[in-house]
Every structure is written in structure tokens, then in C-alpha cells.
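Engineer: Data file upload-v5.tsv (TSV, C-alpha atoms and all ligand atoms) is appended below.
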```tsv
chain	number	residue	atom	x	y	z
C	1	MET	CA	-15.44	-20.54	-5.43
C	2	ARG	CA	-15.72	-18.93	-2.00
C	3	VAL	CA	-13.05	-20.18	0.39
C	4	VAL	CA	-12.40	-19.72	4.09
C	5	LEU	CA	-8.78	-20.36	5.04
C	6	THR	CA	-7.60	-20.90	8.58
C	7	GLY	CA	-4.36	-21.92	10.21
C	8	GLY	CA	-1.74	-20.17	12.21
C	9	GLY	CA	0.73	-19.48	14.89
C	10	THR	CA	3.81	-19.93	12.73
C	11	GLY	CA	4.69	-19.54	9.05
C	12	GLY	CA	4.70	-23.30	8.56
C	13	HIS	CA	0.90	-23.31	8.99
C	14	ILE	CA	0.12	-19.94	7.35
C	15	TYR	CA	2.05	-20.06	4.08
C	16	PRO	CA	0.44	-23.35	2.95
C	17	ALA	CA	-3.00	-21.74	3.37
C	18	LEU	CA	-1.90	-18.73	1.32
C	19	ALA	CA	-0.43	-21.06	-1.31
C	20	VAL	CA	-3.85	-22.72	-1.62
C	21	ALA	CA	-5.41	-19.28	-2.11
C	22	LYS	CA	-2.87	-18.46	-4.86
C	23	GLU	CA	-3.63	-21.70	-6.70
C	24	VAL	CA	-7.41	-21.23	-6.43
C	25	SER	CA	-6.98	-17.66	-7.80
C	26	ARG	CA	-4.90	-18.97	-10.69
C	27	GLN	CA	-7.64	-21.46	-11.56
C	28	GLU	CA	-10.56	-19.16	-10.77
C	29	PRO	CA	-9.66	-15.47	-10.90
C	30	GLN	CA	-13.10	-14.55	-9.47
C	31	ALA	CA	-12.65	-16.64	-6.31
C	32	ALA	CA	-13.25	-14.91	-2.95
C	33	PHE	CA	-11.35	-15.56	0.29
C	34	LEU	CA	-11.62	-14.93	3.98
C	35	TYR	CA	-8.82	-15.91	6.38
C	36	ILE	CA	-9.79	-16.55	9.99
C	37	GLY	CA	-6.80	-16.58	12.35
C	38	SER	CA	-5.66	-15.40	15.74
C	39	LYS	CA	-4.70	-11.80	16.49
C	40	HIS	CA	-1.66	-13.11	18.34
C	41	GLY	CA	-0.22	-15.40	15.67
C	42	LEU	CA	2.12	-14.45	12.80
C	43	GLU	CA	-0.94	-14.67	10.51
C	44	ALA	CA	-2.17	-11.29	11.78
C	45	GLN	CA	0.80	-9.69	9.97
C	46	ILE	CA	1.40	-12.08	7.07
C	47	VAL	CA	-2.18	-12.47	5.79
C	48	PRO	CA	-3.12	-8.76	5.39
C	49	ARG	CA	0.24	-8.29	3.61
C	50	ALA	CA	-0.86	-10.92	1.11
C	51	GLY	CA	-4.01	-8.86	0.41
C	52	ILE	CA	-6.48	-11.40	1.83
C	53	PRO	CA	-9.27	-10.20	4.16
C	54	PHE	CA	-8.47	-11.26	7.72
C	55	GLU	CA	-10.74	-11.76	10.73
C	56	SER	CA	-9.74	-13.10	14.10
C	57	VAL	CA	-11.10	-15.35	16.82
C	58	GLU	CA	-9.79	-15.55	20.38
C	59	ILE	CA	-8.28	-18.96	21.10
C	60	VAL	CA	-5.64	-20.63	23.28
C	61	GLY	CA	-3.95	-24.00	22.86
C	62	LEU	CA	-5.19	-27.16	24.53
C	63	LYS	CA	-2.83	-28.64	27.09
C	64	ARG	CA	-2.01	-32.32	26.96
C	65	LYS	CA	-3.07	-32.82	30.61
C	66	LEU	CA	-6.45	-31.89	32.06
C	67	THR	CA	-6.02	-28.92	34.38
C	68	LEU	CA	-8.20	-26.06	35.63
C	69	ASP	CA	-6.61	-23.97	32.88
C	70	ASN	CA	-8.00	-26.40	30.36
C	71	VAL	CA	-11.53	-25.83	31.58
C	72	LYS	CA	-11.02	-22.16	30.70
C	73	THR	CA	-9.59	-23.26	27.36
C	74	LEU	CA	-12.68	-25.32	26.63
C	75	TRP	CA	-14.91	-22.39	27.47
C	76	LYS	CA	-12.84	-20.20	25.12
C	77	PHE	CA	-13.03	-22.92	22.47
C	78	PHE	CA	-16.81	-22.93	22.43
C	79	ARG	CA	-16.91	-19.14	22.45
C	80	ALA	CA	-14.59	-19.19	19.40
C	81	VAL	CA	-16.82	-21.81	17.74
C	82	SER	CA	-19.80	-19.52	18.07
C	83	ALA	CA	-17.82	-16.49	16.77
C	84	SER	CA	-16.61	-18.63	13.84
C	85	LYS	CA	-20.16	-19.71	13.03
C	86	GLN	CA	-21.20	-16.08	12.73
C	87	MET	CA	-18.30	-15.27	10.40
C	88	LEU	CA	-19.01	-18.35	8.29
C	89	GLN	CA	-22.72	-17.58	8.04
C	90	ARG	CA	-21.87	-14.05	6.87
C	91	PHE	CA	-19.25	-15.11	4.30
C	92	ARG	CA	-21.04	-18.29	3.09
C	93	PRO	CA	-18.01	-20.27	1.86
C	94	ASP	CA	-18.24	-23.26	-0.50
C	95	VAL	CA	-15.37	-24.89	1.36
C	96	VAL	CA	-13.26	-24.33	4.49
C	97	ILE	CA	-9.64	-25.41	4.59
C	98	GLY	CA	-7.52	-25.57	7.76
C	99	THR	CA	-3.75	-25.89	7.67
C	100	GLY	CA	-3.00	-26.61	11.33
C	101	GLY	CA	-2.28	-24.65	14.49
C	102	TYR	CA	-4.74	-24.11	17.37
C	103	VAL	CA	-6.91	-21.58	15.57
C	104	CYS	CA	-8.08	-24.18	13.04
C	105	GLY	CA	-9.89	-26.04	15.81
C	106	PRO	CA	-12.94	-23.83	16.36
C	107	VAL	CA	-13.16	-22.59	12.76
C	108	VAL	CA	-13.12	-25.99	11.05
C	109	TYR	CA	-15.29	-27.53	13.78
C	110	ALA	CA	-17.86	-24.74	13.34
C	111	ALA	CA	-17.85	-25.23	9.56
C	112	ALA	CA	-18.41	-28.98	9.89
C	113	ARG	CA	-21.31	-28.34	12.29
C	114	LEU	CA	-22.87	-25.96	9.74
C	115	GLY	CA	-22.58	-28.63	7.03
C	116	ILE	CA	-19.97	-26.71	5.01
C	117	PRO	CA	-17.43	-28.97	3.18
C	118	THR	CA	-14.15	-29.08	5.12
C	119	ILE	CA	-10.55	-30.09	4.48
C	120	ILE	CA	-7.55	-30.08	6.77
C	121	HIS	CA	-3.99	-30.12	5.50
C	122	GLU	CA	-1.24	-31.80	7.55
C	123	GLN	CA	2.28	-30.60	6.78
C	124	ASN	CA	4.21	-32.96	9.05
C	125	VAL	CA	4.73	-36.71	9.00
C	126	VAL	CA	3.17	-36.99	12.48
C	127	PRO	CA	-0.14	-35.09	12.80
C	128	GLY	CA	-0.48	-32.16	15.20
C	129	LEU	CA	-2.94	-32.11	18.10
C	130	THR	CA	-5.52	-29.88	16.39
C	131	ASN	CA	-5.62	-31.88	13.17
C	132	LYS	CA	-5.95	-35.10	15.16
C	133	PHE	CA	-8.95	-33.66	16.98
C	134	LEU	CA	-10.54	-32.37	13.76
C	135	THR	CA	-10.15	-35.60	11.77
C	136	ARG	CA	-13.48	-37.11	12.80
C	137	PHE	CA	-15.43	-33.97	11.82
C	138	VAL	CA	-13.90	-33.09	8.43
C	139	ASP	CA	-14.65	-34.42	4.95
C	140	LYS	CA	-11.05	-34.80	3.76
C	141	VAL	CA	-7.53	-34.82	5.16
C	142	ALA	CA	-4.78	-33.81	2.73
C	143	VAL	CA	-1.36	-35.09	3.78
C	144	SER	CA	2.17	-34.22	2.70
C	145	PHE	CA	3.93	-37.57	3.19
C	146	PRO	CA	2.84	-41.14	2.38
C	147	GLU	CA	3.81	-42.16	5.95
C	148	SER	CA	1.08	-39.88	7.34
C	149	LEU	CA	-1.74	-41.81	5.65
C	150	SER	CA	-1.70	-44.41	8.43
C	151	PHE	CA	-2.66	-41.77	11.04
C	152	PHE	CA	-5.99	-40.94	9.38
C	153	PRO	CA	-9.06	-42.93	8.24
C	154	ARG	CA	-8.40	-44.34	4.78
C	155	SER	CA	-11.71	-43.06	3.37
C	156	LYS	CA	-10.79	-39.46	4.19
C	157	SER	CA	-7.07	-39.13	3.56
C	158	VAL	CA	-5.45	-38.07	0.31
C	159	LEU	CA	-1.73	-37.67	-0.43
C	160	THR	CA	-1.33	-34.23	-2.00
C	161	GLY	CA	2.01	-32.85	-0.78
C	162	ASN	CA	2.44	-29.34	0.63
C	163	PRO	CA	1.01	-26.50	-1.50
C	164	ARG	CA	4.06	-24.31	-0.81
C	165	ALA	CA	5.94	-26.64	-3.16
C	166	THR	CA	3.78	-25.35	-6.01
C	167	GLU	CA	4.06	-21.74	-4.96
C	168	VAL	CA	7.86	-21.67	-4.91
C	169	MET	CA	7.91	-23.06	-8.46
C	170	HIS	CA	6.59	-19.63	-9.48
C	171	GLY	CA	9.51	-17.82	-7.80
C	172	ASP	CA	11.73	-15.60	-9.95
C	173	GLU	CA	15.50	-15.90	-9.50
C	174	ARG	CA	16.20	-12.48	-11.00
C	175	ALA	CA	13.67	-10.81	-8.71
C	176	GLY	CA	15.25	-12.63	-5.75
C	177	ARG	CA	18.78	-11.48	-6.65
C	178	SER	CA	17.68	-7.96	-7.30
C	179	PHE	CA	15.80	-7.79	-3.95
C	180	LEU	CA	18.96	-9.02	-2.20
C	181	GLY	CA	21.23	-6.80	-4.31
C	182	ILE	CA	23.47	-9.75	-5.28
C	183	GLY	CA	25.04	-10.10	-8.74
C	184	GLY	CA	24.45	-13.12	-10.98
C	185	ASP	CA	27.92	-14.65	-10.54
C	186	LYS	CA	27.76	-15.26	-6.78
C	187	ARG	CA	26.33	-18.40	-5.19
C	188	ILE	CA	23.80	-17.69	-2.47
C	189	VAL	CA	23.65	-19.49	0.87
C	190	LEU	CA	20.41	-18.73	2.70
C	191	MET	CA	20.39	-19.24	6.47
C	192	PHE	CA	17.30	-19.00	8.67
C	193	GLY	CA	15.80	-20.68	11.73
C	194	GLY	CA	12.22	-21.36	10.61
C	195	SER	CA	9.60	-18.63	10.47
C	196	ARG	CA	10.40	-17.30	13.94
C	197	GLY	CA	14.19	-17.60	13.87
C	198	ALA	CA	16.21	-19.94	16.10
C	199	LYS	CA	18.60	-18.87	18.84
C	200	ALA	CA	20.90	-21.88	18.40
C	201	ILE	CA	21.34	-21.31	14.67
C	202	ASN	CA	21.83	-17.59	15.22
C	203	GLU	CA	24.57	-18.24	17.78
C	204	ALA	CA	26.39	-20.71	15.54
C	205	VAL	CA	26.25	-18.37	12.54
C	206	LEU	CA	27.24	-15.37	14.65
C	207	SER	CA	30.37	-17.14	15.85
C	208	ILE	CA	31.63	-17.76	12.29
C	209	VAL	CA	30.64	-14.47	10.65
C	210	PRO	CA	34.24	-13.24	10.24
C	211	GLU	CA	35.27	-16.55	8.65
C	212	LEU	CA	32.48	-16.47	6.09
C	213	GLU	CA	34.44	-13.76	4.28
C	214	GLN	CA	36.80	-16.49	3.01
C	215	PHE	CA	34.07	-17.87	0.72
C	216	GLU	CA	34.74	-15.27	-1.91
C	217	ASP	CA	32.37	-16.48	-4.63
C	218	THR	CA	29.51	-16.92	-2.17
C	219	HIS	CA	27.04	-14.49	-0.63
C	220	PHE	CA	25.41	-15.38	2.70
C	221	VAL	CA	21.88	-14.21	3.42
C	222	TYR	CA	21.47	-14.44	7.16
C	223	VAL	CA	17.84	-14.13	8.28
C	224	THR	CA	17.66	-13.84	12.06
C	225	GLY	CA	13.89	-13.92	12.72
C	226	GLU	CA	12.10	-10.70	13.75
C	227	VAL	CA	12.50	-11.16	17.51
C	228	HIS	CA	16.24	-11.84	17.37
C	229	TYR	CA	17.19	-9.12	14.89
C	230	GLU	CA	18.09	-6.32	17.30
C	231	ALA	CA	20.24	-8.53	19.55
C	232	ILE	CA	22.10	-9.98	16.56
C	233	THR	CA	22.68	-6.55	15.03
C	234	ALA	CA	24.09	-5.32	18.34
C	235	ALA	CA	26.34	-8.38	18.74
C	236	LEU	CA	27.63	-7.96	15.19
C	237	ARG	CA	28.33	-4.27	15.73
C	238	GLU	CA	30.68	-5.25	18.54
C	239	LYS	CA	32.60	-7.53	16.17
C	240	GLY	CA	33.30	-4.65	13.76
C	241	ASP	CA	32.16	-4.29	10.15
C	242	LEU	CA	29.98	-6.97	8.61
C	243	PRO	CA	31.90	-8.76	5.80
C	244	ARG	CA	30.69	-7.56	2.40
C	245	ASN	CA	29.46	-11.02	1.38
C	246	ILE	CA	26.85	-11.17	4.17
C	247	SER	CA	23.39	-9.58	4.23
C	248	LEU	CA	21.50	-9.44	7.48
C	249	LEU	CA	17.69	-9.47	7.45
C	250	PRO	CA	15.01	-9.89	10.15
C	251	PHE	CA	12.56	-11.76	7.87
C	252	VAL	CA	12.07	-12.46	4.16
C	253	HIS	CA	8.60	-11.70	2.83
C	254	ASN	CA	9.22	-12.87	-0.74
C	255	MET	CA	10.65	-16.31	-0.02
C	256	PRO	CA	9.71	-17.89	-3.40
C	257	ASP	CA	11.94	-15.37	-5.26
C	258	VAL	CA	14.76	-15.63	-2.72
C	259	LEU	CA	14.64	-19.45	-2.79
C	260	ALA	CA	14.74	-19.41	-6.60
C	261	ALA	CA	18.16	-17.75	-6.28
C	262	THR	CA	19.41	-19.99	-3.44
C	263	HIS	CA	22.25	-22.49	-3.96
C	264	VAL	CA	22.43	-23.96	-0.43
C	265	LEU	CA	20.08	-23.65	2.55
C	266	VAL	CA	20.93	-23.77	6.25
C	267	SER	CA	17.78	-23.99	8.38
C	268	ARG	CA	15.48	-25.75	10.81
C	269	ALA	CA	13.52	-28.68	9.39
C	270	GLY	CA	9.95	-27.37	9.41
C	271	ALA	CA	7.80	-29.26	6.96
C	272	SER	CA	6.89	-26.34	4.70
C	273	THR	CA	10.52	-25.33	4.30
C	274	LEU	CA	11.38	-28.90	3.31
C	275	ALA	CA	8.53	-29.03	0.79
C	276	GLU	CA	9.88	-25.82	-0.76
C	277	ILE	CA	13.49	-26.92	-1.07
C	278	THR	CA	12.66	-30.36	-2.45
C	279	ALA	CA	10.39	-28.81	-5.09
C	280	LEU	CA	13.34	-26.65	-6.18
C	281	GLY	CA	16.15	-29.16	-5.47
C	282	ILE	CA	18.14	-27.02	-3.03
C	283	PRO	CA	20.79	-28.99	-1.07
C	284	ALA	CA	20.49	-28.26	2.65
C	285	ILE	CA	22.17	-28.41	6.02
C	286	LEU	CA	19.31	-29.00	8.46
C	287	ILE	CA	19.32	-28.37	12.20
C	288	PRO	CA	15.95	-29.75	13.40
C	289	SER	CA	14.27	-28.00	16.31
C	290	PRO	CA	14.29	-30.35	19.33
C	291	TYR	CA	11.47	-28.30	20.93
C	292	VAL	CA	8.58	-29.63	18.82
C	293	THR	CA	5.94	-32.31	19.44
C	294	ASN	CA	7.23	-35.87	19.03
C	295	ASN	CA	10.55	-34.47	17.78
C	296	HIS	CA	8.84	-34.31	14.36
C	297	GLN	CA	11.43	-31.99	12.78
C	298	GLU	CA	14.15	-34.60	13.17
C	299	LYS	CA	11.86	-37.13	11.47
C	300	ASN	CA	11.26	-34.63	8.64
C	301	ALA	CA	14.99	-34.00	8.30
C	302	ARG	CA	16.06	-37.65	8.45
C	303	GLY	CA	13.74	-38.35	5.50
C	304	LEU	CA	15.82	-36.00	3.33
C	305	GLU	CA	19.11	-37.20	4.78
C	306	LYS	CA	18.24	-40.85	4.02
C	307	GLU	CA	17.75	-40.01	0.36
C	308	GLY	CA	20.95	-37.96	0.19
C	309	ALA	CA	19.19	-34.60	-0.19
C	310	ALA	CA	20.41	-33.00	3.04
C	311	GLU	CA	22.93	-33.18	5.85
C	312	VAL	CA	21.54	-33.16	9.40
C	313	ILE	CA	23.25	-31.54	12.40
C	314	LEU	CA	21.44	-32.07	15.69
C	315	GLU	CA	21.15	-28.93	17.82
C	316	ARG	CA	23.13	-30.54	20.64
C	317	GLU	CA	26.03	-31.11	18.21
C	318	LEU	CA	25.80	-27.69	16.62
C	319	THR	CA	28.78	-25.35	16.91
C	320	GLY	CA	30.01	-22.62	14.60
C	321	GLU	CA	32.96	-24.80	13.67
C	322	ARG	CA	30.76	-27.79	12.78
C	323	LEU	CA	28.58	-25.57	10.60
C	324	ARG	CA	31.62	-24.04	8.91
C	325	GLN	CA	33.00	-27.50	8.09
C	326	SER	CA	29.70	-28.64	6.59
C	327	LEU	CA	29.45	-25.47	4.53
C	328	THR	CA	33.02	-25.87	3.29
C	329	ARG	CA	32.35	-29.46	2.21
C	330	LEU	CA	29.16	-28.57	0.40
C	331	LEU	CA	30.50	-25.45	-1.28
C	332	SER	CA	33.79	-26.97	-2.41
C	333	ASP	CA	32.47	-30.24	-3.80
C	334	ARG	CA	30.36	-29.51	-6.89
C	335	LYS	CA	29.69	-33.19	-7.54
C	336	ARG	CA	28.29	-33.70	-4.06
C	337	TRP	CA	26.15	-30.58	-4.45
C	338	ALA	CA	24.78	-31.85	-7.77
C	339	SER	CA	23.94	-35.28	-6.42
C	340	MET	CA	22.17	-33.75	-3.40
C	341	ARG	CA	20.22	-31.54	-5.76
C	342	GLU	CA	19.10	-34.50	-7.80
C	343	ALA	CA	18.11	-36.47	-4.69
C	344	SER	CA	16.18	-33.48	-3.40
C	345	LEU	CA	14.24	-33.01	-6.65
C	346	LYS	CA	13.15	-36.66	-6.50
C	347	LEU	CA	11.38	-35.93	-3.20
C	348	GLY	CA	9.64	-32.77	-4.41
C	349	MET	CA	5.88	-32.65	-5.03
C	350	PRO	CA	5.43	-29.48	-7.10
C	351	GLN	CA	1.83	-30.37	-8.06
C	352	ALA	CA	0.58	-30.23	-4.47
C	353	ALA	CA	-1.54	-27.07	-4.68
C	354	THR	CA	-3.24	-28.27	-7.85
C	355	GLU	CA	-4.06	-31.58	-6.15
C	356	ILE	CA	-5.62	-29.68	-3.24
C	357	TYR	CA	-7.60	-27.46	-5.62
C	358	ARG	CA	-8.99	-30.63	-7.26
C	359	LEU	CA	-9.93	-31.99	-3.85
C	360	MET	CA	-11.73	-28.74	-3.02
C	361	LYS	CA	-13.59	-28.88	-6.34
C	362	SER	CA	-14.60	-32.49	-5.73
C	363	LEU	CA	-16.29	-31.48	-2.47
S	401	LIG	C1	8.85	-24.41	16.18
S	401	LIG	C2	7.69	-24.97	15.44
S	401	LIG	O1	6.61	-25.17	15.96
S	401	LIG	N1	7.89	-25.30	14.18
S	401	LIG	C3	6.88	-25.87	13.31
S	401	LIG	C4	6.37	-24.81	12.39
S	401	LIG	O2	7.58	-24.27	11.87
S	401	LIG	P1	7.83	-23.03	10.95
S	401	LIG	O3	6.73	-22.06	11.00
S	401	LIG	O4	9.19	-22.55	11.20
S	401	LIG	O5	7.69	-23.85	9.66
S	401	LIG	P2	8.25	-24.25	8.31
S	401	LIG	O6	9.70	-24.37	8.29
S	401	LIG	O7	7.45	-25.43	7.92
S	401	LIG	O8	7.80	-23.02	7.40
S	401	LIG	C5	8.32	-21.76	7.50
S	401	LIG	C6	7.69	-20.96	6.40
S	401	LIG	O9	8.03	-19.61	6.59
S	401	LIG	C7	8.69	-19.14	5.44
S	401	LIG	N2	9.63	-18.09	5.87
S	401	LIG	C8	10.57	-18.35	6.80
S	401	LIG	C9	11.46	-17.36	7.17
S	401	LIG	C10	11.38	-16.09	6.56
S	401	LIG	O10	12.13	-15.16	6.82
S	401	LIG	N3	10.40	-15.90	5.63
S	401	LIG	C11	9.53	-16.86	5.27
S	401	LIG	O11	8.67	-16.64	4.41
S	401	LIG	C12	9.33	-20.36	4.81
S	401	LIG	O12	9.62	-20.15	3.45
S	401	LIG	C13	8.23	-21.39	5.05
S	401	LIG	O13	7.20	-21.28	4.11
S	401	LIG	O14	5.46	-25.36	11.44
S	401	LIG	C14	5.94	-26.46	10.66
S	401	LIG	C15	4.83	-26.94	9.73
S	401	LIG	O15	3.75	-27.37	10.45
S	401	LIG	C16	6.46	-27.58	11.55
S	401	LIG	O16	7.04	-28.61	10.76
S	401	LIG	C17	7.48	-26.98	12.48
S	401	LIG	O17	8.02	-27.98	13.33
```
Would you mind writing the structure in this file as C-alpha cells?
Ligand SMILES: CC(=O)N[C@H]1[C@@H](OP(=O)(O)OP(=O)(O)OC[C@H]2O[C@@H](n3ccc(=O)[nH]c3=O)[C@H](O)[C@@H]2O)O[C@H](CO)[C@@H](O)[C@@H]1O
Structural biologist:
Amino acid sequence: MRVVLTGGGTGGHIYPALAVAKEVSRQEPQAAFLYIGSKHGLEAQIVPRAGIPFESVEIVGLKRKLTLDNVKTLWKFFRAVSASKQMLQRFRPDVVIGTGGYVCGPVVYAAARLGIPTIIHEQNVVPGLTNKFLTRFVDKVAVSFPESLSFFPRSKSVLTGNPRATEVMHGDERAGRSFLGIGGDKRIVLMFGGSRGAKAINEAVLSIVPELEQFEDTHFVYVTGEVHYEAITAALREKGDLPRNISLLPFVHNMPDVLAATHVLVSRAGASTLAEITALGIPAILIPSPYVTNNHQEKNARGLEKEGAAEVILERELTGERLRQSLTRLLSDRKRWASMREASLKLGMPQAATEIYRLMKSL
């Protein structure tokens, strides 16, 4: 199978596309891939690292209101469509799959115009702008939640789940611990603010760093996000030595292994992250980003909370103290942890990537 993948901006759109590529390679070792993204998105770094050929198109996001800027955007859109057509005609894919983010727009649209089978994958309960626009042109829409089915035509939509759920099932706990340099007897709490890091979470964690030393049997992996790393390192330096049970990292590139070793997660509520932790049954403290379309992260997070798989702290209520209390409750009550784990596993869809592979084959 020859596959063009597209999707980008943030990790939540890129990693699902790469997870599809991994599954297709598992099923068909001879499969060939091309990823078309934007030079300015995280995909420009993440995709070449994954060993997949990467080409870029120039694109900017559509605004919700019509302005003069949008006329320029439209012009850029059609220029990107024509660049995409050339790439597609050169690569000759059997199928094109888009996983959201602005860059999908011209690539998937161009593929549909050329008569190439197309799929889009929606990670969130509420569809993003680009996927909404693309719906009428594509052959199939793969969704992650049953509630999303109502947003798309019934003849096109299929409930598959998020392919990252499948990918993390292949993570290796021992590899994760050895990468982090943490012995087998310590519980691991992983803390990160989505793929780009989150200032509010960083500030809350920063304010309780000295107190985290009290959790003697626990190691905290504090991932700041690339852009925040220097500032956090400097702020921590002022506080003195970092407690020995904390590791500080700008980004984790082998998340499946690290998640396999994780006991509790503290993070934003991006849809891919939630698909990963429910596949593995990791109890979580979620702080949804309030800066996303239709407040969709809170909707994602409340879904887990309702089933007892996570605790939600809204950003406006977040303080270091509140986070410390939640951590203490979760780390000291094994029964509560176990019941959250069970609830989380019930929500997981670890077959997602295989379902998407089947859908690709059917086209
Ligand atoms: C601010 C914003 O627009 N957020 C959106 C974005 O979030 P974001 O990109 O943060 O998305 P997710 O939480 O869904 O996914 C993050 C992905 O990055 C990975 N990861 C994260 C940190 C790290 O150090 N290493 C690493 O590999 C995670 O394991 C996960 O696979 O896309 C999601 C999926 O459409 C949406 O639900 C989010 O609302």
C-alpha cells in the first residue's frame, strides 16, 4: 500500500498519523509513505525523526470571520492545493489520510479532486474547522468517540477510536524506566502540558517542586514543553538543587515506553493523550486547556471524570496547593487508584489503528 499522511501543528494531530503508518507497516512491511505537512508545525521535526519522508506545503489557518487577511488565506490555500496535487501525482498513493490541523485542508482536498481515496480522522468529540470543511469531499471519516458520529454524514462516518491507543500498547515499561534512569521499585508520575507544554501547569508544578520530595517512593517526570524549558530550568536553579526524585525534560520522544512505566499522569486533556492513557488504564489528573475551540478539552476530560477514570481541575482553579492535594489523595489511596485504572481501561480502544487499517484497505 502507498499512503500519504497529512496533519499537523501540534502533536495531537501528528502522532495519530504516525500511529497509522506504524500499523500499516506492521500489516504490510513493504508499504511506502509520504507525509505532507507544514514547515512551521511540530511535524517538521517529529516526522523526519520517525524516519518517514516529509514534504511541506505553505499554508495558514482560516479565520472564523471574513477579513482581507482571509482573501490572502484563500489564495494561499489554492496555491497549496496545486502544490499538493503535484506531490500526489509524483508519489501516486493508494490512499490519503488526514488527521486534522490546517495543513490537511489543501492536501486532502487535492487528493479528493484527483480521485484518490481519502479518509480524515477526528480525534476530538467536536470536529475541528478543517475536518468540518473536508467532510463533503472525503470518502470516509474515522471518529474517536461515539458522540462525534452525529457531526458527520452517517454514510461516511466510522467509529474507530484514536490510533495512538494501539501504538502505546506496544510500549515497553523496561525501556521507559531505563530511558528515565528510574529503578523498578519507584512509582512514576508523569506531568506534561500537551505537546507544546502549558504555562499554567508549569507554574503550578514549579511552586510545589520542593514539596514533591516528601513522596519518597515516587519519581516525578516533569516535561516542560520545548519552549518553556529554559525559563523553568532558570527558575528552578534559583530555588536551589532539584530534589532527587524529579527529572526535568523539555520533551519526550518515546512516549509509548514512558507511558508504559507511568503510574499517574498530570496533563492537559488533548484527545490523543486521553486515548493513550485509557488504552493503558493510567489514572489521571487533567487540567483542560481553556484556549481551544468550543472548550473541547474540558468536554474530553469530563468524559473520563464521569466514568471515574480521572480527576479534573479547571485552569482557573489550579494552584500548586490544589495539585499537591490531588496528588496526595491519588498516591496514598491504592484502592482509589485501582478503581480509576479499571474505569480508564473500560474507555480504552486499543484496536483503533487496526480498524483504520481495515478502513483504508476497504477503500
Ligand atoms: C492547544 C491545542 O490546540 N491542543 C489540541 C492538540 O493538543 P496536543 O497536541 O497537546 O494534543 P494531545 O494531548 O491530543 O496529544 C499530544 C501528543 O503528544 C505526545 N507527547 C506529548 C508531550 C511530549 O513530551 N511528548 C509527546 O510525545 C503525547 O503522547 C500525545 O500523543 O490536539 C489535540 C488533538 O486534536 C486536541 O485535543 C487539543 O485540544
Engineer: Ligand LIG 401 (chain S): which residues are within 7 Å, counting all atoms listed in the file? Reply as a ChimeraX atom specification.
Structural biologist: /C:10-13,15,100,123-124,164,192-196,223,225,250-255,268-274,289,291-292,296-297
Engineer: With C-alpha atoms retained, could you export that selection as a short mmCIF file (atom, residue, chain, number, x, y, z; two decimals), keeping the file's coordinate frame?
Structural biologist:
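Contents of the output file selection-v5.cif:
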```
data_model
loop_
_atom_site.label_atom_id
_atom_site.label_comp_id
_atom_site.auth_asym_id
_atom_site.auth_seq_id
_atom_site.Cartn_x
_atom_site.Cartn_y
_atom_site.Cartn_z
CA THR C 10 3.81 -19.93 12.73
CA GLY C 11 4.69 -19.54 9.05
CA GLY C 12 4.70 -23.30 8.56
CA HIS C 13 0.90 -23.31 8.99
CA TYR C 15 2.05 -20.06 4.08
CA GLY C 100 -3.00 -26.61 11.33
CA GLN C 123 2.28 -30.60 6.78
CA ASN C 124 4.21 -32.96 9.05
CA ARG C 164 4.06 -24.31 -0.81
CA PHE C 192 17.30 -19.00 8.67
CA GLY C 193 15.80 -20.68 11.73
CA GLY C 194 12.22 -21.36 10.61
CA SER C 195 9.60 -18.63 10.47
CA ARG C 196 10.40 -17.30 13.94
CA VAL C 223 17.84 -14.13 8.28
CA GLY C 225 13.89 -13.92 12.72
CA PRO C 250 15.01 -9.89 10.15
CA PHE C 251 12.56 -11.76 7.87
CA VAL C 252 12.07 -12.46 4.16
CA HIS C 253 8.60 -11.70 2.83
CA ASN C 254 9.22 -12.87 -0.74
CA MET C 255 10.65 -16.31 -0.02
CA ARG C 268 15.48 -25.75 10.81
CA ALA C 269 13.52 -28.68 9.39
CA GLY C 270 9.95 -27.37 9.41
CA ALA C 271 7.80 -29.26 6.96
CA SER C 272 6.89 -26.34 4.70
CA THR C 273 10.52 -25.33 4.30
CA LEU C 274 11.38 -28.90 3.31
CA SER C 289 14.27 -28.00 16.31
CA TYR C 291 11.47 -28.30 20.93
CA VAL C 292 8.58 -29.63 18.82
CA HIS C 296 8.84 -34.31 14.36
CA GLN C 297 11.43 -31.99 12.78
#
```
Engineer: Name the closest residue to C:Lys22 among the candidates C:Ala353, C:Leu286, C:Val71, C:Ile59; distances are taken between atoms, counting all atoms listed in the file.
Structural biologist: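 Comparing C:Ala353, C:Leu286, C:Val71, C:Ile59 against C:Lys22, the winner is C:Ala353.
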Engineer: Could you tell me which of C:Leu331, C:Leu314, C:Ile116, C:Val47 comes closest to C:Asp217 if we count all atoms listed in the file?
Structural biologist: C:Leu331
Engineer: Which one of C:Val158, C:Gly176, C:Arg113, C:Thr262 sits closest to C:Arg136 if you count only C-alpha atoms?
Structural biologist: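 Ranking C:Val158, C:Gly176, C:Arg113, C:Thr262 by distance to C:Arg136, first place goes to C:Arg113.
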Engineer: Could you check the closest approach to C:Gly183 for each of C:Ser82, C:Thr354, C:Asn131, C:Asn245 and tell me which residue wins, using only C-alpha atoms?
Structural biologist: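 Distance minimum relative to C:Gly183 lands on C:Asn245.
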Engineer: Grab the atom CA of C:Val141 to atom CA of C:Ala111 distance for me, in Å with one decimal place.
Structural biologist: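 Taking atom CA of C:Val141 as the start and atom CA of C:Ala111 as the end point, the length is 14.8 Å.
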Engineer: Figure out the distance between atom CA of C:Thr118 and atom CA of C:Phe137, please, to one decimal in Å.
Structural biologist: 8.4 Å
Engineer: Extract, using only C-alpha atoms, all DNA, RNA and protein residues at most 10 Å from C:Phe78, discarding same-chain residues fewer than 4 positions from it, and format them as a list in words.
Structural biologist: Ile59, Thr73, Leu74, Ser82, Ala83, Ser84, Pro106, Tyr109 and Ala110 of chain C
Engineer: Write out as a compact mmCIF listing (two decimals) with C-alpha atoms, in the frame of the given file the residues lying within 12 Å of C:Arg26, counting all atoms listed in the file and excluding same-chain residues fewer than 2 positions away.
Structural biologist:
```txt
# COMPACT_ATOMS: atom_id res chain seq x y z
CA MET C 1 -15.44 -20.54 -5.43
CA ALA C 19 -0.43 -21.06 -1.31
CA VAL C 20 -3.85 -22.72 -1.62
CA ALA C 21 -5.41 -19.28 -2.11
CA LYS C 22 -2.87 -18.46 -4.86
CA GLU C 23 -3.63 -21.70 -6.70
CA VAL C 24 -7.41 -21.23 -6.43
CA GLU C 28 -10.56 -19.16 -10.77
CA PRO C 29 -9.66 -15.47 -10.90
CA GLN C 30 -13.10 -14.55 -9.47
CA ALA C 31 -12.65 -16.64 -6.31
CA THR C 166 3.78 -25.35 -6.01
CA GLU C 167 4.06 -21.74 -4.96
CA HIS C 170 6.59 -19.63 -9.48
CA ALA C 353 -1.54 -27.07 -4.68
CA THR C 354 -3.24 -28.27 -7.85
CA TYR C 357 -7.60 -27.46 -5.62
```
